[in-house]
Every structure is written in structure tokens, then in C-alpha cells.
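Structure record follows, encoded as C-alpha cells.
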There are 2 protein chains.
Amino acid sequence: MSVTLADIARATGLSASTVSRALSDPDKVNPRTRDRVRKIAQDMGYVPNQVARSLTSGRNDLIGLIVPDIANPFFPPIIKAVQARASAKGKTVLIADVDEHPSDEIQRARVMRKRVDGLVVVSPRTPDDRLDQLAELRPIVFVNREVKGAASVIIEDSEGMREAVEHLTALGHRRIGYLNGPRRSWSNTQRQNAVREACAAHGVDLVEFGPFEPQIQAGVRAADLVHASDVTAVIAYDDMIALGLMARLNERGVRVGPDISVIGIDDSPMSGMAYPTLTSIHVPGSEAGARAVDIVLDLADTPSEAEPAVVQLETRLIVRSSTSPVRER
Amino acid sequence: MSVTLADIARATGLSASTVSRALSDPDKVNPRTRDRVRKIAQDMGYVPNQVARSLTSGRNDLIGLIVPDIANPFFPPIIKAVQARASAKGKTVLIADVDEHPSDEIQRARVMRKRVDGLVVVSPRTPDDRLDQLAELRPIVFVNREVKGAASVIIEDSEGMREAVEHLTALGHRRIGYLNGPRRSWSNTQRQNAVREACAAHGVDLVEFGPFEPQIQAGVRAADLVHASDVTAVIAYDDMIALGLMARLNERGVRVGPDISVIGIDDSPMSGMAYPTLTSIHVPGSEAGARAVDIVLDLADTPSEAEPAVVQLETRLIVRSSTSPVRER
DNA sequence: CTACGTGACGCAAACGGTTGCCGCAAGGAA
DNA sequence: TTCCTTGCGGCAACCGTTTGCGTCACGTAG
């Protein structure tokens, strides 16, 4: 089969241990031997067997990532960031898409456990009590989810939401809608609270719709509900829903912008390409992913007992053309 | 630390080998013993250490996936399909995003080699000679790329492209543009040839632009070139480019549809949400991903010497509203 | 000249399972 | 009763690396 340490040991006349050290712990062997070993290993096309390496050393050079739905455009940037950061630190990413199906998570996480150096979990839907079980599988870090006693990178929606409501009131809107995300979504709870507070603070009426799944089709469905109501502006749980909403409104001849203002959340790459371009609350997914990797690797190196890190990231409003001054009815 | 086979052996008074068999090779032990072992294992919270398991058995329950860019919306559906199919067969996916940077591929693949049961490679840009090296790392299957002597799932663009050109000529277009993808892209070569043949067959003029990167910004840049030319319809290398193109044309007051027809390729979820909705050639990415997993696992089970499978998938045109009858100028 | 320190390397025991082979006991056939 | 078969379970080797510890030779100091 493939070249092993023993093969090189034979070829060099050294022992496997010396070869091992020559390759991975350079200071412990004579420089001349080291170079000779390395050259021969190179020539023989030696590639260390990571599996065997993990077994003894405990290190895996792998980090596990659990996401609810790869196809939702909010996640690819996170995945990419995790992947890039991991790669920069010599790690590969083991990924599990749990298909918005929370019960798989713990199962998947357990299986991954021994295989990875750390876990990054993006898990907006799993109930809290489940998460506690997950949290035991340290090192672990949660993205966009606060779990007591566990490290996390959370995205603080309130600032962006405040800006959004402020923006709408400045445009004269006095009655705005919020399209709720999935019922058990932690993010939705955050966003819902944020929009309620912001509306209360600005003294505007809030009408809530939903819950909706974070999918385009749900937005399409939402459109007719919104149109039948008397709100003049809508904030959607995410860009997916907002895009579906806009598409359906366009179809029905309602001009997004002039007739009704729409704000999405996530600022996914598509928001700039929609028609009209979608005003959206930027959520720093990439940054969150990168930070998560840093934290989890840090945790892996130094399994401290200290209170785990909780990083907060801010959101902000990106104004495009889906929001306009309110139209007299 | 965690519960091992030996712990269970001790608890049951059996040997580790029996426990192992009771857990993973049920027929070889007495049903009563098996159930007892399983119950105790369950109670003790035993989770097999996959790493140790791989080392002896050679099986990893992992499949490796190499993609050029997770953030390009063409890939998530593929990844999702690979992931889903793998999951259905009890495997997890090890993913590597090579960031459109081909030289990493072989390196990454080599490192993955021993850790996975098979490799699925989506590699539109890597030069052929590099790919040959990769192909040795069997079991391996290439998606959307033909490599001699290796299994692959290829997507045959010609039919969809023929339909696209036919569609445009039926609408009266006589001079159409093609926006080339990246210079060294295998897919682009396929698509370029297909569009040339189709245009020749229908006797319409073809004007080529590019190459362009498969990114929205490239499409934006393309828009002005296209607008300055005299083509009445454009087929873009992919939806990303098409979306950027449309966005910029909208911005310049050119009505996509009435003024100029645009066709994308990939039929990504966004095409139905763009304005106007984008006529696009559907590329069965999900199916390709699923098939690739089937093939690679099949290869892993029965490493035959036979000529490896090459599966062909067809494309077809999805007509939406970005294509209209040619306007008199 | 002896003794001791030190650098360079080898030995062997892990790591946690899997698996080929063997022994043993019980059951059936002769 | 004896012999053979069959089912069940144990023994031990093995997968490829890492790593603590021991050994050996050499250099230097006393």
C-alpha cells in the first residue's frame, strides 16, 4: 500500500521513533540525520497517516462544523470563513448539515467528538436543554446562540434593528410589519425582541406575521398577508423571506420601494442583486465564523476552567432601494 | 476520560473482542449476550472511537469533498446533496474549499487520503495533468470534469445550450452574445463549444465576451461591454455573471427582457427571485452530487479494475421572463 | 583516569478498536 | 459411549504513530 514510518526507518537504517521525531519534532534529533530522513521521506512519497497520528496524540487537525442548512445563503459565508481560518491553522473542516432538524445534532456531535479538535455549532433552532448536553462536548463554541457556561460568538441584532426602525420612521412610516422566523429560532426571539423595543422606543405600531421558515417560498406566502394588511413597511426575519416577499409583490404589481418598503436581515450577496436592491441589516457571518474558529482552537490548546469567552458582534443597516418615503394612501 | 471497549468488557466480564462483535457484528455472538452487552454499553454511554476503528478496519465513514468556492451559489446544492446522500449511508463529509486555487487540491487530497473512504472532487479549473495525479488517489470521482481512467459524473451542457439558442432564435434574435467563464475552466470550454455549435446550426451570429470570473461583479463589468455592442441577447457562463449583468443593465435603464434578453446557466435558486426572473439552463447539481457519492462508495466497496463509471446528466432550459421577442431597433 | 553530564537514538508501551484463529463445551449422530 | 460438528467467546496480533524512558558513546571537568 502506502509508505509508512517503518518503511522509512528501514530505508534509513534508523528506528521508527527517530524518524517520527525527525519529521515532527525537529529539535530532538541531530540536524544531519533530520535532513537525511526528510529527504528520503520526501523521495519515497511519505504521507503521514493522520488516523494513526490522531490515535496516539489526541490531536486531529480537524474541526467539526454543524450547520442547519448549507443551501441557505446565510451560511456559506460562515462556512467559508470557518474553512479559511481553519485552513490557515492547518486544520480541515468536518461538516454536518442537519437539515434544520435539531434532533440529529447531538447524535452527530457525539460521533464527531473524538474525531475533531473542537466543535463549532450554528444552531438557531435547537431547544436550550438539548444544547446543554451539547455544551458538554468541549471544546465547543456556539455561533449566534448564547449557552450558559459555553463559549459563543453572538450577533447582537439590536443595534441594526434599531437603525432599521429609525430609518423607516425617518421615511415617515408609522405602522410597520415584522415577519417572524421559525417558531423555535433563537435568532428570531432576539430579533423579535429587538424590533419590539425599537418600535416602542420610536412610538410606531408593530404588526407581526408568521412564523415563517427561512425560505423563499415562505416569503412568497407572506407577501399576500402583508399586502392585505395596512402596514407601509416590512422587516423580514431574513433575506430569503424578504426576497420571496419582493418577488411576489412585484408579480402582483406592487412596487417595492414606492408602494411598500422592505428590509431584510443578513445582507446576503443577493440583496444587492435583487430588484429593487434590498435594504438589509448586515450580519457579520464571516467574522463570526472566523472568531469561532479562533476561540475553539484556543480552547483546545488551553482547556481552562475559566468562564468561557463570549464575543459580541454588531449589526448595522445597509440602505439600498427597497426602502422609500411612505406613500400617501 | 470516556468509556472504552475495555471498560465494557470489564463491566460485563467478557473480553473486548466479544464486546466488539456484539456491537458491530451482531450475528457472531449469542443473542442474549449481545443484548446484554448492548444494554450495558448504552447505560455506560459508550461511543465507539472512530479514530481507533479506522486505524484497524480501514473504514472511515467519511467522504472527502473538494470544491472551489462554497460561496458560489452553484455549489451549496451540490454540497447539500453530497452531505445528504452520505448521511443516508452513515458517512460524514470532510470538506475542503480550495478557494478557486487549484494548486492546493492535490496537497489537500493527499492529506485527506487516509482519512476518508473516498473523494469527490469538483474541480473546474485544475489543469488536466494535475488531475491525473489526483486520479491516482482512488477511490475518487470527479464531478463535471472528464478525467481519463477515473470515474466521473459529467453534466452535458450541449442539450440545454441548444435549447437556449433555439429559444432565442424563435424569439427572433439573430445576433447573440456569450459571456465566457474563467479562462481555464473545463466547464467553460464545454459551454463555449456547445454555444458555438448551436449558433452555427441555427445560423445566428455569435459574439463572445470575456473571460469573466464567476462572480457578480464580473457580470456588472460585462454589462457595459454588452450594452456597447449590437447583440440583442446574451447567454452568460453562469447565473452569477447573469445576475450581475442584469443588475447593472437595470441600473443603466436598460430593460432586461424587452430591450435585451439574458440567459443564465445553473438555474440557481436566485434565478427565480431576480428581476426580471432569469431564464436559465438548469444544471442538475444536486443529482450530480448524489450520484457522485453513490459511485465513490461503490468504488470503495468493490475496488474493481474495470473501466470506471462515467455518468452523464442532461441540462435543460427553464424559461422565465428575462427573455423576450427581439425589439426592433 | 574516573566520573558525570549530555546529546542522539532505540525500545517498547501505549492509543482503542478489529479480526483470524483456536479452544472449549454442548448437542447430535452413530 | 464416543466422535464429530457447530456455536460461542477468548487470545493475541495488528493498524501506524507518538512518547516516556533507558542506553550508549562521547566529551569535559575534576
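Naming scheme: A, B, ... for chains in displayed order of the C-alpha cells; residues 1 onward per chain; ligands 1 onward as shown.
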
Just list the residues in region 128-253 of chain B DSSP gives strand (DSSP E) on the backbone, as a JSON list (two decimals) with C-alpha atoms, in the first residue's frame.
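Result written to result_23.json:
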[["chain", "number", "residue", "atom", "x", "y", "z"],
["B", 140, "ILE", "CA", -12.21, 9.11, -6.42],
["B", 141, "VAL", "CA", -14.90, 10.59, -8.59],
["B", 142, "PHE", "CA", -14.87, 13.84, -10.46],
["B", 143, "VAL", "CA", -17.92, 15.99, -10.83],
["B", 151, "ALA", "CA", -14.93, 7.78, -12.57],
["B", 152, "SER", "CA", -16.92, 10.91, -13.14],
["B", 153, "VAL", "CA", -20.32, 12.48, -13.22],
["B", 154, "ILE", "CA", -20.42, 14.90, -16.04],
["B", 155, "ILE", "CA", -23.01, 17.41, -16.96],
["B", 156, "GLU", "CA", -23.61, 17.57, -20.65],
["B", 175, "ARG", "CA", -27.02, 38.10, -33.07],
["B", 176, "ILE", "CA", -26.33, 36.81, -29.61],
["B", 177, "GLY", "CA", -23.51, 37.15, -27.14],
["B", 178, "TYR", "CA", -21.79, 34.62, -24.94],
["B", 179, "LEU", "CA", -20.04, 35.69, -21.78],
["B", 205, "ASP", "CA", -24.15, 35.25, -35.24],
["B", 206, "LEU", "CA", -22.22, 34.69, -32.05],
["B", 207, "VAL", "CA", -20.21, 37.38, -30.31],
["B", 208, "GLU", "CA", -18.02, 36.30, -27.43],
["B", 209, "PHE", "CA", -17.02, 38.35, -24.42],
["B", 233, "ALA", "CA", -29.47, 38.57, -26.42],
["B", 234, "VAL", "CA", -26.79, 37.22, -24.11],
["B", 235, "ILE", "CA", -26.03, 33.85, -22.65],
["B", 236, "ALA", "CA", -23.82, 34.06, -19.58]]

Would you list which chain C residues are within 6 Å of chain B using only C-alpha atoms (C1' of nucleotides), as a PDB file with all heavy atoms, in the first residue's frame?
ATOM      1  P    DG C  16      -7.728   5.190  24.720  1.00  0.00           P
ATOM      2  OP1  DG C  16      -8.509   6.375  25.112  1.00  0.00           O
ATOM      3  OP2  DG C  16      -7.204   4.280  25.752  1.00  0.00           O
ATOM      4  O5'  DG C  16      -8.598   4.321  23.722  1.00  0.00           O
ATOM      5  C5'  DG C  16      -9.143   4.925  22.577  1.00  0.00           C
ATOM      6  C4'  DG C  16      -9.605   3.866  21.622  1.00  0.00           C
ATOM      7  O4'  DG C  16      -8.470   3.118  21.120  1.00  0.00           O
ATOM      8  C3'  DG C  16     -10.534   2.827  22.251  1.00  0.00           C
ATOM      9  O3'  DG C  16     -11.603   2.638  21.361  1.00  0.00           O
ATOM     10  C2'  DG C  16      -9.668   1.584  22.338  1.00  0.00           C
ATOM     11  C1'  DG C  16      -8.814   1.759  21.107  1.00  0.00           C
ATOM     12  N9   DG C  16      -7.571   1.018  21.106  1.00  0.00           N
ATOM     13  C8   DG C  16      -6.835   0.615  22.182  1.00  0.00           C
ATOM     14  N7   DG C  16      -5.754  -0.038  21.859  1.00  0.00           N
ATOM     15  C5   DG C  16      -5.768  -0.062  20.476  1.00  0.00           C
ATOM     16  C6   DG C  16      -4.859  -0.632  19.551  1.00  0.00           C
ATOM     17  O6   DG C  16      -3.812  -1.234  19.790  1.00  0.00           O
ATOM     18  N1   DG C  16      -5.244  -0.421  18.231  1.00  0.00           N
ATOM     19  C2   DG C  16      -6.382   0.251  17.849  1.00  0.00           C
ATOM     20  N2   DG C  16      -6.598   0.344  16.548  1.00  0.00           N
ATOM     21  N3   DG C  16      -7.254   0.784  18.711  1.00  0.00           N
ATOM     22  C4   DG C  16      -6.880   0.592  19.992  1.00  0.00           C
ATOM     23  P    DG C  17     -12.963   2.069  21.892  1.00  0.00           P
ATOM     24  OP1  DG C  17     -13.767   3.191  22.286  1.00  0.00           O
ATOM     25  OP2  DG C  17     -12.732   0.949  22.823  1.00  0.00           O
ATOM     26  O5'  DG C  17     -13.544   1.477  20.527  1.00  0.00           O
ATOM     27  C5'  DG C  17     -13.336   0.136  20.211  1.00  0.00           C
ATOM     28  C4'  DG C  17     -12.587   0.029  18.915  1.00  0.00           C
ATOM     29  O4'  DG C  17     -11.204  -0.045  19.267  1.00  0.00           O
ATOM     30  C3'  DG C  17     -12.930  -1.216  18.132  1.00  0.00           C
ATOM     31  O3'  DG C  17     -13.663  -0.857  16.973  1.00  0.00           O
ATOM     32  C2'  DG C  17     -11.601  -1.846  17.772  1.00  0.00           C
ATOM     33  C1'  DG C  17     -10.550  -0.955  18.422  1.00  0.00           C
ATOM     34  N9   DG C  17      -9.599  -1.688  19.237  1.00  0.00           N
ATOM     35  C8   DG C  17      -9.565  -1.789  20.605  1.00  0.00           C
ATOM     36  N7   DG C  17      -8.545  -2.475  21.038  1.00  0.00           N
ATOM     37  C5   DG C  17      -7.865  -2.855  19.896  1.00  0.00           C
ATOM     38  C6   DG C  17      -6.680  -3.610  19.728  1.00  0.00           C
ATOM     39  O6   DG C  17      -5.983  -4.095  20.611  1.00  0.00           O
ATOM     40  N1   DG C  17      -6.339  -3.757  18.394  1.00  0.00           N
ATOM     41  C2   DG C  17      -7.050  -3.236  17.337  1.00  0.00           C
ATOM     42  N2   DG C  17      -6.582  -3.470  16.125  1.00  0.00           N
ATOM     43  N3   DG C  17      -8.146  -2.517  17.471  1.00  0.00           N
ATOM     44  C4   DG C  17      -8.496  -2.373  18.767  1.00  0.00           C
ATOM     45  P    DT C  18     -14.519  -1.990  16.288  1.00  0.00           P
ATOM     46  OP1  DT C  18     -15.324  -1.322  15.251  1.00  0.00           O
ATOM     47  OP2  DT C  18     -15.150  -2.787  17.346  1.00  0.00           O
ATOM     48  O5'  DT C  18     -13.432  -2.898  15.558  1.00  0.00           O
ATOM     49  C5'  DT C  18     -12.786  -2.382  14.407  1.00  0.00           C
ATOM     50  C4'  DT C  18     -11.943  -3.467  13.786  1.00  0.00           C
ATOM     51  O4'  DT C  18     -10.927  -3.914  14.713  1.00  0.00           O
ATOM     52  C3'  DT C  18     -12.689  -4.718  13.326  1.00  0.00           C
ATOM     53  O3'  DT C  18     -12.148  -5.037  12.056  1.00  0.00           O
ATOM     54  C2'  DT C  18     -12.312  -5.755  14.379  1.00  0.00           C
ATOM     55  C1'  DT C  18     -10.904  -5.318  14.747  1.00  0.00           C
ATOM     56  N1   DT C  18     -10.390  -5.658  16.101  1.00  0.00           N
ATOM     57  C2   DT C  18      -9.156  -6.259  16.198  1.00  0.00           C
ATOM     58  O2   DT C  18      -8.478  -6.561  15.232  1.00  0.00           O
ATOM     59  N3   DT C  18      -8.733  -6.497  17.493  1.00  0.00           N
ATOM     60  C4   DT C  18      -9.408  -6.190  18.651  1.00  0.00           C
ATOM     61  O4   DT C  18      -8.922  -6.428  19.746  1.00  0.00           O
ATOM     62  C5   DT C  18     -10.696  -5.566  18.477  1.00  0.00           C
ATOM     63  C7   DT C  18     -11.501  -5.198  19.668  1.00  0.00           C
ATOM     64  C6   DT C  18     -11.122  -5.332  17.230  1.00  0.00           C
TER      65       DT C  18
END

Exercise. What residues in chain B lie within 8 Å of chain A, counting only C-alpha atoms, written as a count of residues only?
Worked result: 35

Sorted per-residue table, chain D near chain B, closest atoms and distance, 9 Å, only C-alpha atoms (C1' of nucleotides), as a Markdown table:
| residue | atom | partner | partner_atom | distance |
| --- | --- | --- | --- | --- |
| D:DG7 | C1' | B:Asn30 | CA | 8.3 |
| D:DC8 | C1' | B:Val29 | CA | 6.3 |
| D:DG9 | C1' | B:Thr18 | CA | 6.3 |
| D:DG10 | C1' | B:Ser15 | CA | 6.5 |
| D:DC14 | C1' | B:Thr56 | CA | 7.5 |
| D:DC15 | C1' | B:Thr56 | CA | 4.4 |
| D:DG16 | C1' | B:Leu55 | CA | 7.8 |

Preceding selection exported with N, CA, C and O atoms (P, O5', C5', C4', C3', O3' and C1' of nucleotides) as a short mmCIF file (atom, residue, chain, number, x, y, z; two decimals), in the first residue's frame:
data_model
loop_
_atom_site.label_atom_id
_atom_site.label_comp_id
_atom_site.auth_asym_id
_atom_site.auth_seq_id
_atom_site.Cartn_x
_atom_site.Cartn_y
_atom_site.Cartn_z
P DG D 7 -23.55 -23.32 13.61
"O5'" DG D 7 -23.67 -22.62 15.03
"C5'" DG D 7 -24.37 -23.29 16.08
"C4'" DG D 7 -23.96 -22.66 17.40
"C3'" DG D 7 -23.77 -21.13 17.33
"O3'" DG D 7 -24.26 -20.59 18.55
"C1'" DG D 7 -21.76 -22.14 18.03
P DC D 8 -24.40 -19.03 18.70
"O5'" DC D 8 -23.25 -18.74 19.76
"C5'" DC D 8 -23.26 -19.47 20.99
"C4'" DC D 8 -21.99 -19.19 21.74
"C3'" DC D 8 -21.61 -17.71 21.84
"O3'" DC D 8 -21.49 -17.39 23.22
"C1'" DC D 8 -19.75 -19.02 21.18
P DG D 9 -21.39 -15.89 23.70
"O5'" DG D 9 -19.83 -15.80 23.95
"C5'" DG D 9 -19.25 -16.68 24.90
"C4'" DG D 9 -17.75 -16.66 24.77
"C3'" DG D 9 -17.13 -15.26 24.85
"O3'" DG D 9 -16.12 -15.30 25.85
"C1'" DG D 9 -16.27 -16.45 23.00
P DG D 10 -15.39 -14.00 26.35
"O5'" DG D 10 -13.87 -14.48 26.19
"C5'" DG D 10 -13.48 -15.69 26.81
"C4'" DG D 10 -12.08 -16.06 26.38
"C3'" DG D 10 -11.05 -14.94 26.51
"O3'" DG D 10 -9.82 -15.51 26.94
"C1'" DG D 10 -11.20 -15.59 24.24
P DC D 14 1.61 -9.55 14.00
"O5'" DC D 14 0.76 -8.33 13.46
"C5'" DC D 14 -0.48 -8.57 12.78
"C4'" DC D 14 -1.29 -7.30 12.79
"C3'" DC D 14 -0.47 -6.01 12.61
"O3'" DC D 14 -0.86 -5.41 11.40
"C1'" DC D 14 -2.12 -5.78 14.31
P DC D 15 0.21 -4.54 10.61
"O5'" DC D 15 -0.67 -3.31 10.16
"C5'" DC D 15 -2.08 -3.38 9.95
"C4'" DC D 15 -2.70 -2.05 10.32
"C3'" DC D 15 -1.69 -0.91 10.39
"O3'" DC D 15 -1.70 -0.19 9.18
"C1'" DC D 15 -3.20 -0.90 12.28
P DG D 16 -0.28 0.14 8.45
"O5'" DG D 16 0.16 1.46 9.20
"C5'" DG D 16 -0.65 2.61 9.08
"C4'" DG D 16 -0.18 3.67 10.03
"C3'" DG D 16 1.30 4.02 9.89
"O3'" DG D 16 1.38 5.43 9.89
"C1'" DG D 16 0.81 3.46 12.13
#

Problem set entry | Residues within 10 Å of DA13 (chain D), only C-alpha atoms (C1' of nucleotides), excluding chain neighbours under 2 positions, as a PyMOL selection string | (chain C and resi 19-20) or (chain D and resi 11)

Residue selection dump (C-alpha atoms (C1' of nucleotides)) as a PDB file, in the first residue's frame:
ATOM      1  C1'  DT C  19     -10.303  -9.895  13.261  1.00  0.00           C
ATOM      2  C1'  DG C  20      -8.144 -14.529  12.168  1.00  0.00           C
TER       3       DG C  20
ATOM      4  C1'  DC D  11      -6.280 -14.763  22.776  1.00  0.00           C
TER       5       DC D  11
END
